[in-house]
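Okay, structure first, notes after.
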Amino acid sequence: MALIVQKFGGTSVGSVERIREVAKRAIRTRQEGHQVVIVVSAMSGETDRLLHLGRAVSPKPAEREMDTLLATGEQVTIALLAMALEGLGQKAVSYTGGQVPILTDTAHTKARIQHIASERIRAALDAGKIVVVAGFQGVDPDGNITTLGRGGSDTTAVALATALHADECAIYTDVDGIYTTDPRVESRARRLDRITFEEMLEMASLGAKVLQTRSVEFAMKYNVPVRVLSSFTDGTGTLVTNEENPVEAPRVSGIAFSRNEAKITVPGVPDRPGIAHAILGPISAAHINVDVIIQNVSEAGKTDFTFTVERSDFAKAMDIVRDIAQGLGADAVQGDEHIVKVSVVGVGMRSHAGIAATMFASLAQENINIQMISTSEIKISVVVDEKYLELAVRTLHTAFALHGEAAR
Ligand code: ADP
Ligand code: ASP
Ligand code: MG
């Protein structure tokens, strides 16, 4: 008898019929003799709907109340799924994050899981029940409801699999595995049979939302193999594991992209020590993440300073930078919300020269202007105008020969 954690995302529980299908799938696993813990997201579109409601009622909603609001999405699906299971004759019980409890820190809207008490779940499993747990939510030491950031149900599932020493953590979603790039942008993208934690971590942090970045960090840290599968079709999906491909790793394993980007330029700042800190210090104090940074060569003692932030933080960051720029005697701050970041990723890049050259040449051939570049050992990212997103992804997918049937 194995203990299996199954997570179902928003589309997979998007209607009454689909919730019943999830119930049937879980019952099949139970009937094979396994213990089953299910983690569910809110029904598709529900978290966005709640976010809009919160922002409609107040321009700057309190984050504590936002979490209380957002957590209701998952509370609906756990109850409906437990009812569906019971309706099909299967004993089941639903738990919110607070009922498990899943303890987190106090960072509302992006809390981190600190501890999961497994006793209650174990007792229910031992009583023959399927346990349904709300994804994306927890409770802080003072009993406040917290949420784990967008896509956080993946992290709930991996964290539960770790805490329960589960034999398997299956992430059921609306695609049948992890692809060389988002199959919705490049239809010739190829499904990978397996991918390393390291590569998936890079893909996720560069925008591939098929798994939340933190879920991959968690899986890597505790070595929990995660399988990404379709909730609509049968298949073996993609295994995320620490095992490297036995065949030599390809140079590039995938193309990731992020639309959640914006760029801020402060032209004409004095070129002297302390300027980067003067601009970015207050940004980081406001909990805004800065990603790509460029400072130009100075001319007549002045330089331009450009950096990117998440698009959702753009307005807040612009306000802060405008204040600072005045004090520094810089020219008017420029902002651009119409940029995206496209990245090539692969652990095989470490041992291959020429990846950057191939990348830049193929983008140039399509007349795509590169605005910013950032590199690490296993990725190269470029910032381009958002109108080139699809073209850039497809061009790079072709340039690195990622489509087709090659086994991996
Ligand atoms: P869920 O609601 O099940 O959590 P998500 O929408 O969060 O589903 O994640 C699945 C989506 O991730 C897919 O529909 C796909 O568009 C997108 N995606 C982005 N990059 C990739 C990739 N490399 N492989 C597979 N899917 C990807
Ligand atoms: N419902 C949350 C979201 O839409 C969490 C999740 O689906 O993983 O981000
Ligand atoms: Mg998701």
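Please note that chains go A, B, ... in the order of the structure tokens, that every chain numbers its residues from 1, and that ligands are numbered from 1 in the order shown.
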
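Taking only C-alpha atoms and all ligand atoms into account, the protein and nucleic acid residues that come at most 8 Å from ligand 3 are Gly9, Gly10, Arg150, Gly151, Gly152, Ser153, Asp154, Thr173, Lys209, Val210, Leu211 and Gln212 of chain A.
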
Okay, now the selection with C-alpha atoms, as a short mmCIF file (atom, residue, chain, number, x, y, z; two decimals), in the first residue's frame?
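Result file out-v2.cif:
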```cif
data_model
loop_
_atom_site.label_atom_id
_atom_site.label_comp_id
_atom_site.auth_asym_id
_atom_site.auth_seq_id
_atom_site.Cartn_x
_atom_site.Cartn_y
_atom_site.Cartn_z
CA GLY A 9 -5.24 22.57 -10.66
CA GLY A 10 -7.96 25.09 -11.44
CA ARG A 150 -0.02 32.42 -7.28
CA GLY A 151 0.28 28.79 -8.25
CA GLY A 152 0.86 27.91 -4.59
CA SER A 153 -1.20 24.71 -4.61
CA ASP A 154 1.76 22.98 -6.26
CA THR A 173 -3.03 19.76 -14.83
CA LYS A 209 4.09 28.42 -14.66
CA VAL A 210 3.39 24.71 -15.04
CA LEU A 211 4.94 24.34 -11.55
CA GLN A 212 5.28 27.08 -8.95
#
```

Each residue of segment 228-276 of chain A lying at most 7 Å from segment 161-172 of chain A should get a row with its shortest atom-to-atom pair and the distance in Å to one decimal, counting only C-alpha atoms; could you produce that, ordered by chain and increasing number, as CSV?
```
residue,atom,partner,partner_atom,distance
A:Val228,CA,A:Ile171,CA,4.7
A:Leu229,CA,A:Tyr172,CA,4.8
A:Ser230,CA,A:Tyr172,CA,5.2
A:Ser231,CA,A:Tyr172,CA,5.0
```

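Across A:Phe314, A:Phe136, A:Tyr179, A:Phe360, the tightest approach to Thr47 of chain A is made by A:Phe136 when counting only C-alpha atoms.
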
> Quick one: residues within 10 Å of Ile113 of chain A, only C-alpha atoms counted, chain neighbours fewer than 5 positions away excluded, as a VMD selection string?
Replying inline: chain A and resid 102 to 106 137 to 140 146 to 148 155 to 156 159 214 218

> Which of segment 72-296 of chain A counts as strand (DSSP E or B) under DSSP, as a ChimeraX atom specification please?
Replying inline: /A:92-95,102-104,113-116,130-134,137-139,145-147,168-173,179,191,194-196,226-230,238-241,254-270,290-295

> Leaving out Phe197 of chain A and any residue of its chain fewer than 6 positions from it, which residues lie within 12 Å of it when counting only C-alpha atoms, given as a PyMOL selection string?
Replying inline: chain A and resi 203-205+211+213-227+238-245+346-347

> In segment 214-255 of chain A, what's alpha helix (DSSP H) per DSSP? Answer as number ranges by chain?
Replying inline: A: 214-222

Selection from above, all heavy atoms, as a short mmCIF file (atom, residue, chain, number, x, y, z; two decimals), in the first residue's frame, can you write it?
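Once everything was written out, this is selection.cif:
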```cif
data_model
loop_
_atom_site.label_atom_id
_atom_site.label_comp_id
_atom_site.auth_asym_id
_atom_site.auth_seq_id
_atom_site.Cartn_x
_atom_site.Cartn_y
_atom_site.Cartn_z
N ARG A 214 8.47 27.66 -6.00
CA ARG A 214 8.73 27.16 -4.63
C ARG A 214 8.47 25.67 -4.50
O ARG A 214 9.09 25.00 -3.68
CB ARG A 214 7.87 27.92 -3.63
CG ARG A 214 8.51 29.23 -3.30
CD ARG A 214 7.89 29.83 -2.09
NE ARG A 214 8.37 31.19 -1.95
CZ ARG A 214 7.75 32.13 -1.29
NH1 ARG A 214 6.59 31.86 -0.69
NH2 ARG A 214 8.26 33.33 -1.20
N SER A 215 7.54 25.16 -5.30
CA SER A 215 7.26 23.72 -5.22
C SER A 215 8.49 22.94 -5.70
O SER A 215 8.82 21.88 -5.17
CB SER A 215 6.02 23.34 -6.02
OG SER A 215 6.27 23.39 -7.41
N VAL A 216 9.18 23.48 -6.71
CA VAL A 216 10.36 22.80 -7.24
C VAL A 216 11.52 22.91 -6.24
O VAL A 216 12.25 21.95 -6.00
CB VAL A 216 10.77 23.36 -8.61
CG1 VAL A 216 11.86 22.50 -9.23
CG2 VAL A 216 9.58 23.46 -9.54
N GLU A 217 11.65 24.08 -5.61
CA GLU A 217 12.69 24.25 -4.57
C GLU A 217 12.49 23.22 -3.48
O GLU A 217 13.42 22.57 -3.02
CB GLU A 217 12.57 25.63 -3.92
CG GLU A 217 13.18 26.76 -4.69
CD GLU A 217 12.82 28.13 -4.10
OE1 GLU A 217 12.09 28.21 -3.08
OE2 GLU A 217 13.25 29.12 -4.67
N PHE A 218 11.24 23.07 -3.07
CA PHE A 218 10.89 22.13 -2.00
C PHE A 218 11.20 20.70 -2.41
O PHE A 218 11.81 19.93 -1.67
CB PHE A 218 9.37 22.26 -1.75
CG PHE A 218 9.01 22.22 -0.32
CD1 PHE A 218 8.72 23.40 0.35
CD2 PHE A 218 8.94 21.02 0.37
CE1 PHE A 218 8.37 23.38 1.68
CE2 PHE A 218 8.60 21.00 1.71
CZ PHE A 218 8.30 22.18 2.36
N ALA A 219 10.79 20.35 -3.64
CA ALA A 219 10.99 18.98 -4.14
C ALA A 219 12.48 18.67 -4.22
O ALA A 219 12.93 17.57 -3.89
CB ALA A 219 10.33 18.82 -5.49
N MET A 220 13.27 19.68 -4.66
CA MET A 220 14.70 19.49 -4.80
C MET A 220 15.35 19.32 -3.43
O MET A 220 16.17 18.43 -3.22
CB MET A 220 15.27 20.72 -5.52
CG MET A 220 16.71 20.67 -5.84
SD MET A 220 16.98 21.78 -7.25
CE MET A 220 18.43 22.57 -6.74
N LYS A 221 14.95 20.17 -2.50
CA LYS A 221 15.55 20.14 -1.16
C LYS A 221 15.30 18.80 -0.47
O LYS A 221 16.18 18.24 0.18
CB LYS A 221 14.97 21.29 -0.34
CG LYS A 221 15.53 21.43 1.04
CD LYS A 221 15.17 22.78 1.64
CE LYS A 221 15.57 22.85 3.09
NZ LYS A 221 14.94 23.98 3.77
N TYR A 222 14.09 18.28 -0.61
CA TYR A 222 13.74 17.04 0.10
C TYR A 222 13.76 15.82 -0.82
O TYR A 222 13.32 14.74 -0.44
CB TYR A 222 12.40 17.20 0.80
CG TYR A 222 12.47 18.25 1.88
CD1 TYR A 222 11.98 19.54 1.65
CD2 TYR A 222 13.08 17.98 3.10
CE1 TYR A 222 12.08 20.53 2.62
CE2 TYR A 222 13.19 18.97 4.07
CZ TYR A 222 12.69 20.23 3.83
OH TYR A 222 12.79 21.20 4.79
#
```

> Any idea what's packed within 10 Å of Ala401 of chain A, counting only C-alpha atoms, ignoring anything in its chain fewer than 6 positions away? Could you give it as a list in words?
Replying inline: Val252, Ser253 and Thr395 of chain A

Close residues, Pro61 of chain A itself excluded, 10 Å, only C-alpha atoms, min 6 positions apart in chain, as a short mmCIF file (atom, residue, chain, number, x, y, z; two decimals) with N, CA and C atoms, in the first residue's frame:
```
data_model
loop_
_atom_site.label_atom_id
_atom_site.label_comp_id
_atom_site.auth_asym_id
_atom_site.auth_seq_id
_atom_site.Cartn_x
_atom_site.Cartn_y
_atom_site.Cartn_z
N LEU A 51 -9.51 38.39 -6.60
CA LEU A 51 -8.51 39.48 -6.61
C LEU A 51 -9.15 40.77 -7.11
N GLY A 54 -11.45 42.28 -4.52
CA GLY A 54 -10.68 42.95 -3.46
C GLY A 54 -10.19 44.32 -3.92
N ARG A 55 -9.68 44.36 -5.16
CA ARG A 55 -9.13 45.62 -5.66
C ARG A 55 -10.24 46.60 -6.01
#
```

> Restricting the calculation to only C-alpha atoms and all ligand atoms, which member of A:Leu85, A:Val39, A:Ile339, A:Ala357 is positioned closest to ligand 1?
Replying inline: A:Val39

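In this comparison, which uses only C-alpha atoms and all ligand atoms, the residue of A:Arg188, A:Arg251, A:His52, A:Lys263 approaching ligand 1 most closely is A:Arg188.
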
> Which is closer to ligand 2 than all the others in A:Glu63, A:Glu337, A:Asp174, A:Glu21, using only C-alpha atoms and all ligand atoms?
Replying inline: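 Closest to ligand 2 of all the choices is A:Asp174.
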
>> As an exercise, work out the distance from atom CA of Ala134 of chain A to atom 9 (O, counted along the ligand's line) of ligand 1 in Å and give it to one decimal place.
In response: 17.3 Å

>> For Thr11 of chain A, find every residue with an atom within 9 Å (counting only C-alpha atoms), except residues of its own chain fewer than 4 positions away, and show them as a ChimeraX atom specification.
In response: /A:15,18,41-45,173-174

> For ligand 2, which residue among A:Val57, A:Leu70, A:Ile145, A:Met1 is the nearest when counting only C-alpha atoms and all ligand atoms?
Replying inline: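 Smallest distance to ligand 2 is found for A:Leu70.
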